[in-house]
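A.B. asks: So here's start-v9.cif, just mmCIF, C-alpha atoms:
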data_structure
#
loop_
_atom_site.label_atom_id
_atom_site.label_comp_id
_atom_site.auth_asym_id
_atom_site.auth_seq_id
_atom_site.Cartn_x
_atom_site.Cartn_y
_atom_site.Cartn_z
CA MET Z 1 157.12 151.02 122.80
CA ASN Z 2 160.15 149.44 124.42
CA LEU Z 3 160.15 146.07 126.14
CA THR Z 4 160.17 147.43 129.70
CA ASN Z 5 157.05 149.52 129.08
CA LEU Z 6 155.28 146.56 127.49
CA PHE Z 7 155.96 144.35 130.51
CA ARG Z 8 154.92 147.14 132.91
CA LYS Z 9 151.59 147.43 131.10
CA ILE Z 10 151.12 143.65 131.13
CA PHE Z 11 151.96 143.61 134.85
CA TRP Z 12 149.44 146.31 135.84
CA TRP Z 13 146.67 145.15 133.48
CA GLY Z 14 147.17 141.55 134.56
CA LEU Z 15 147.04 142.55 138.21
CA ALA Z 16 143.91 144.70 137.80
CA ILE Z 17 142.04 142.17 135.66
CA GLY Z 18 143.24 139.27 137.82
CA ILE Z 19 142.02 140.84 141.05
CA ALA Z 20 138.68 141.90 139.53
CA THR Z 21 137.98 138.52 137.93
CA ASN Z 22 138.98 136.63 141.06
CA ILE Z 23 136.59 138.76 143.13
CA LEU Z 24 133.83 137.96 140.61
CA TYR Z 25 134.85 134.30 140.75
CA THR Z 26 134.55 134.25 144.54
CA ILE Z 27 131.11 135.87 144.48
CA SER Z 28 129.76 133.70 141.66
CA TYR Z 29 131.19 130.51 143.14
CA GLN Z 30 129.29 131.13 146.37
CA HIS Z 31 126.01 131.44 144.42
CA ALA Z 32 126.65 128.57 141.97
CA VAL Z 33 125.14 125.13 142.53
CA ALA Z 34 127.76 122.56 141.63
CA SER Z 35 125.36 119.94 140.27
CA VAL Z 36 123.22 122.38 138.24
CA PRO Z 37 124.74 124.23 135.29
CA GLY Z 38 123.58 127.81 135.14
CA GLY Z 39 124.59 131.43 134.93
CA TRP Z 40 126.44 131.49 138.23
CA SER Z 41 128.47 128.38 137.46
CA LEU Z 42 129.29 129.67 133.97
CA LEU Z 43 130.41 133.00 135.46
CA ALA Z 44 132.45 131.22 138.15
CA SER Z 45 134.15 128.97 135.62
CA SER Z 46 134.98 131.77 133.17
CA MET Z 47 136.18 134.18 135.88
CA HIS Z 48 138.36 131.44 137.36
CA THR Z 49 139.98 130.95 133.95
CA PHE Z 50 140.43 134.67 133.18
CA GLY Z 51 141.67 135.37 136.70
CA GLY Z 52 144.27 132.63 136.53
CA VAL Z 53 145.55 133.69 133.12
CA SER Z 54 145.61 137.39 134.09
CA LEU Z 55 147.48 136.83 137.34
CA GLY Z 56 149.83 134.40 135.56
CA LEU Z 57 150.72 137.13 133.05
CA CYS Z 58 151.16 139.55 135.97
CA TYR Z 59 153.56 137.18 137.74
CA ILE Z 60 155.55 136.41 134.61
CA SER Z 61 155.88 140.08 133.65
CA GLY Z 62 156.86 140.94 137.23
CA ILE Z 63 159.67 138.40 137.10
CA VAL Z 64 160.76 139.68 133.66
CA LEU Z 65 160.82 143.25 135.04
CA LEU Z 66 163.01 142.10 137.92
CA PHE Z 67 165.45 140.58 135.42
CA ILE Z 68 165.38 143.66 133.18
CA ASN Z 69 166.11 145.92 136.17
CA GLY Z 70 168.91 143.66 137.45
CA LYS Z 71 167.18 142.85 140.73
CA THR Z 72 167.63 139.09 140.56
CA SER Z 73 170.44 138.47 143.03
CA PHE Z 74 167.90 137.04 145.49
CA PHE Z 75 166.72 134.54 142.89
CA VAL Z 76 170.22 133.60 141.91
CA LYS Z 77 171.43 133.17 145.48
CA TYR Z 78 168.49 131.17 146.81
CA LEU Z 79 166.67 129.61 143.87
CA VAL Z 80 169.49 128.43 141.59
CA PRO Z 81 170.39 125.52 143.90
CA ILE Z 82 166.71 124.45 143.87
CA GLY Z 83 166.82 124.43 140.07
CA ARG Z 84 170.07 122.50 139.93
CA MET Z 85 168.43 119.83 142.10
CA ALA Z 86 164.96 120.01 140.53
CA LEU Z 87 164.43 116.26 140.25
CA THR Z 88 165.60 115.61 143.81
CA ASN Z 89 163.45 118.43 145.20
CA TYR Z 90 160.41 117.29 143.23
CA LEU Z 91 160.76 113.73 144.52
CA LEU Z 92 161.51 114.85 148.09
CA GLN Z 93 158.48 117.14 148.09
CA SER Z 94 156.32 114.26 146.84
CA ILE Z 95 157.67 111.92 149.52
CA ILE Z 96 157.28 114.49 152.31
CA CYS Z 97 153.71 115.36 151.32
CA ALA Z 98 152.76 111.70 150.87
CA LEU Z 99 154.02 110.98 154.39
CA LEU Z 100 152.18 113.99 155.78
CA PHE Z 101 148.83 113.54 154.05
CA HIS Z 102 148.27 109.84 153.26
CA SER Z 103 147.00 107.28 155.73
CA TYR Z 104 150.32 105.42 155.83
CA GLY Z 105 151.86 108.63 157.23
CA LEU Z 106 150.27 111.24 159.47
CA GLY Z 107 146.96 111.18 157.57
CA LEU Z 108 146.51 114.95 157.51
CA TYR Z 109 144.49 115.05 154.26
CA GLY Z 110 141.37 117.16 154.84
CA LYS Z 111 142.48 118.08 158.36
CA VAL Z 112 144.68 121.07 157.52
CA GLU Z 113 143.28 124.62 157.38
CA VAL Z 114 144.25 126.86 154.44
CA TRP Z 115 146.64 128.96 156.53
CA GLN Z 116 148.28 125.80 157.87
CA GLY Z 117 148.71 124.50 154.33
CA ILE Z 118 150.37 127.75 153.28
CA ALA Z 119 152.64 127.69 156.33
CA LEU Z 120 153.51 124.04 155.65
CA THR Z 121 154.29 124.87 152.02
CA LEU Z 122 156.63 127.70 153.03
CA ILE Z 123 158.35 125.54 155.65
CA ILE Z 124 158.94 122.70 153.17
CA PHE Z 125 160.23 125.13 150.53
CA VAL Z 126 162.61 126.88 152.95
CA LEU Z 127 163.90 123.48 154.07
CA GLN Z 128 164.44 122.51 150.43
CA ILE Z 129 166.34 125.74 149.75
CA THR Z 130 168.53 125.15 152.81
CA PHE Z 131 169.12 121.49 151.96
CA SER Z 132 169.89 122.24 148.29
CA ARG Z 133 172.41 124.96 149.14
CA TRP Z 134 174.11 122.75 151.73
CA TRP Z 135 174.17 119.71 149.41
CA LEU Z 136 175.62 121.58 146.44
CA ASN Z 137 178.39 123.01 148.62
CA HIS Z 138 179.62 119.43 149.07
CA PHE Z 139 178.50 117.59 145.94
CA GLN Z 140 178.34 118.28 142.20
CA PHE Z 141 174.78 117.04 141.69
CA GLY Z 142 171.67 116.27 143.68
CA PRO Z 143 171.33 112.59 144.63
CA PHE Z 144 168.66 111.81 142.03
CA GLU Z 145 170.39 113.94 139.39
CA TRP Z 146 173.55 111.92 140.04
CA LEU Z 147 171.62 108.66 139.72
CA TRP Z 148 169.97 109.86 136.50
CA ARG Z 149 173.35 110.88 135.02
CA SER Z 150 174.97 107.62 136.03
CA LEU Z 151 172.16 105.61 134.42
CA THR Z 152 172.22 107.79 131.29
CA TYR Z 153 175.97 107.39 130.72
CA PHE Z 154 176.10 103.74 131.95
CA LYS Z 155 178.92 104.82 134.24
CA MET Z 156 179.12 106.01 137.85
CA GLN Z 157 179.53 109.77 137.76
CA PRO Z 158 181.78 111.56 140.25
CA MET Z 159 179.60 112.81 143.10
CA LYS Z 160 181.93 114.62 145.47
CA LYS Z 161 182.98 118.15 144.61
CA ASN Z 162 186.65 118.89 144.26
CA LYS Z 163 188.51 122.09 143.54
CA TYR Z 164 189.15 120.99 139.93
CA SER Z 165 185.51 120.27 139.24
CA PRO Z 166 183.99 122.27 136.35
CA ILE Z 167 180.84 122.75 138.45
CA ASN Z 168 182.34 124.48 141.45
CA GLU Z 169 179.98 127.35 142.22
#
Spit out the file's structure as structure tokens when you get a sec.

C.D. replies:
Amino acid sequence: MNLTNLFRKIFWWGLAIGIATNILYTISYQHAVASVPGGWSLLASSMHTFGGVSLGLCYISGIVLLFINGKTSFFVKYLVPIGRMALTNYLLQSIICALLFHSYGLGLYGKVEVWQGIALTLIIFVLQITFSRWWLNHFQFGPFEWLWRSLTYFKMQPMKKNKYSPINE
């Protein structure tokens, strides 16, 4: 069996098992009593675990299949800048969400519906993609990556991009 076939099988089995176990999880969770251990809570807990692992394998194999088939230009174009500024994006996402959800900000914790949370997540991520691409067109590193490098080498690192820079993508 070649590698592509293996990942196709993992993808489809992971998807089928993941969907089935997540349906069982949903049903058993509705019948389980949180404070009383029993059959329903055991089923809910185990199906949650198997569903997560199965869908995780499905997602990973799907990404591997995209790479094997050479269909990754989308990822390269839009997600590479996010990766090059991972620390900055992580910290910015933490700051944005803290300001949105904690009481010292807008205090939205517990007040956002699921669909609003998903929409908010997509909006923040698209803004991070846009910001990262714009930033890396002008600078060599993200702001926190630059600070980390400067502290690591005990020397201010060049921030601005120039045409002779080795990182000029």

A.B. asks: Of the residues Z:Ser54, Z:Ser45, Z:Thr4, Z:Asn162, which is the one nearest to Ile19 (chain Z), using all atoms listed in the file?

C.D. replies: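 Going through Z:Ser54, Z:Ser45, Z:Thr4, Z:Asn162 one by one, the smallest distance to Ile19 (chain Z) is for Z:Ser54.
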
A.B. asks: So what does the PyMOL selection byres ((chain Z and resi 121-138) around 10) actually pick up in this one, as a compact mmCIF listing (two decimals) with C-alpha atoms, in the coordinates of the input?

C.D. replies:
# COMPACT_ATOMS: atom_id res chain seq x y z
CA LYS Z 77 171.43 133.17 145.48
CA TYR Z 78 168.49 131.17 146.81
CA LEU Z 79 166.67 129.61 143.87
CA VAL Z 80 169.49 128.43 141.59
CA PRO Z 81 170.39 125.52 143.90
CA ILE Z 82 166.71 124.45 143.87
CA GLY Z 83 166.82 124.43 140.07
CA ARG Z 84 170.07 122.50 139.93
CA MET Z 85 168.43 119.83 142.10
CA ALA Z 86 164.96 120.01 140.53
CA THR Z 88 165.60 115.61 143.81
CA ASN Z 89 163.45 118.43 145.20
CA TYR Z 90 160.41 117.29 143.23
CA LEU Z 92 161.51 114.85 148.09
CA GLN Z 93 158.48 117.14 148.09
CA ILE Z 96 157.28 114.49 152.31
CA CYS Z 97 153.71 115.36 151.32
CA TRP Z 115 146.64 128.96 156.53
CA GLN Z 116 148.28 125.80 157.87
CA GLY Z 117 148.71 124.50 154.33
CA ILE Z 118 150.37 127.75 153.28
CA ALA Z 119 152.64 127.69 156.33
CA LEU Z 120 153.51 124.04 155.65
CA PHE Z 139 178.50 117.59 145.94
CA GLN Z 140 178.34 118.28 142.20
CA PHE Z 141 174.78 117.04 141.69
CA GLY Z 142 171.67 116.27 143.68
CA PRO Z 143 171.33 112.59 144.63
CA MET Z 159 179.60 112.81 143.10
CA LYS Z 160 181.93 114.62 145.47
CA LYS Z 161 182.98 118.15 144.61
CA ASN Z 162 186.65 118.89 144.26
CA ILE Z 167 180.84 122.75 138.45
CA ASN Z 168 182.34 124.48 141.45
CA GLU Z 169 179.98 127.35 142.22

A.B. asks: I need the output of the PyMOL selection byres ((chain Z and resi 8-15) around 9) for this file as a PyMOL selection string; which residues are they?

C.D. replies: chain Z and resi 3-7+16-20+51+53-62+65

A.B. asks: To one decimal place, how far is CA of Leu151 (chain Z) from CA of Ile95 (chain Z) in Å?

C.D. replies: 21.9 Å

A.B. asks: To one decimal place in Å, what is the distance between CA of Thr26 (chain Z) and CA of Ala44 (chain Z)?

C.D. replies: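 Taking CA of Thr26 (chain Z) as the start and CA of Ala44 (chain Z) as the end point, the length is 7.4 Å.
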
A.B. asks: So the first atom is CA of Trp40 (chain Z) and the second is CA of Ile27 (chain Z); what is the distance between them in Å, to one decimal place?

C.D. replies: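 Here the two named atoms are 8.9 Å from each other.
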
A.B. asks: Restricting the calculation to all atoms listed in the file: of Z:Ser103, Z:Thr21, Z:Gln30, Z:Gln157, which residue gets closest to Ser46 (chain Z)?

C.D. replies: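 The answer is Z:Thr21, which sits nearest to Ser46 (chain Z).
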
A.B. asks: I want to know what sits within 8 Å of Tyr109 (chain Z), based on only C-alpha atoms, with residues of the same chain fewer than 5 positions away left out; could you give that as a VMD selection string?

C.D. replies: chain Z and resid 100 to 102

A.B. asks: Nearest residue to Gly52 (chain Z) out of Z:Leu66, Z:Ile23, Z:Leu106, Z:Leu99, using only C-alpha atoms?

C.D. replies: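 Looking only at the distances to Gly52 (chain Z), the closest residue turns out to be Z:Ile23.
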
A.B. asks: Between Z:Asn22, Z:Ser73, Z:Ser28, Z:Ser35, which has the minimum distance to Thr49 (chain Z) (counting all atoms listed in the file)?

C.D. replies: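 Of Z:Asn22, Z:Ser73, Z:Ser28, Z:Ser35, the one nearest Thr49 (chain Z), counting all atoms listed in the file, is Z:Asn22.
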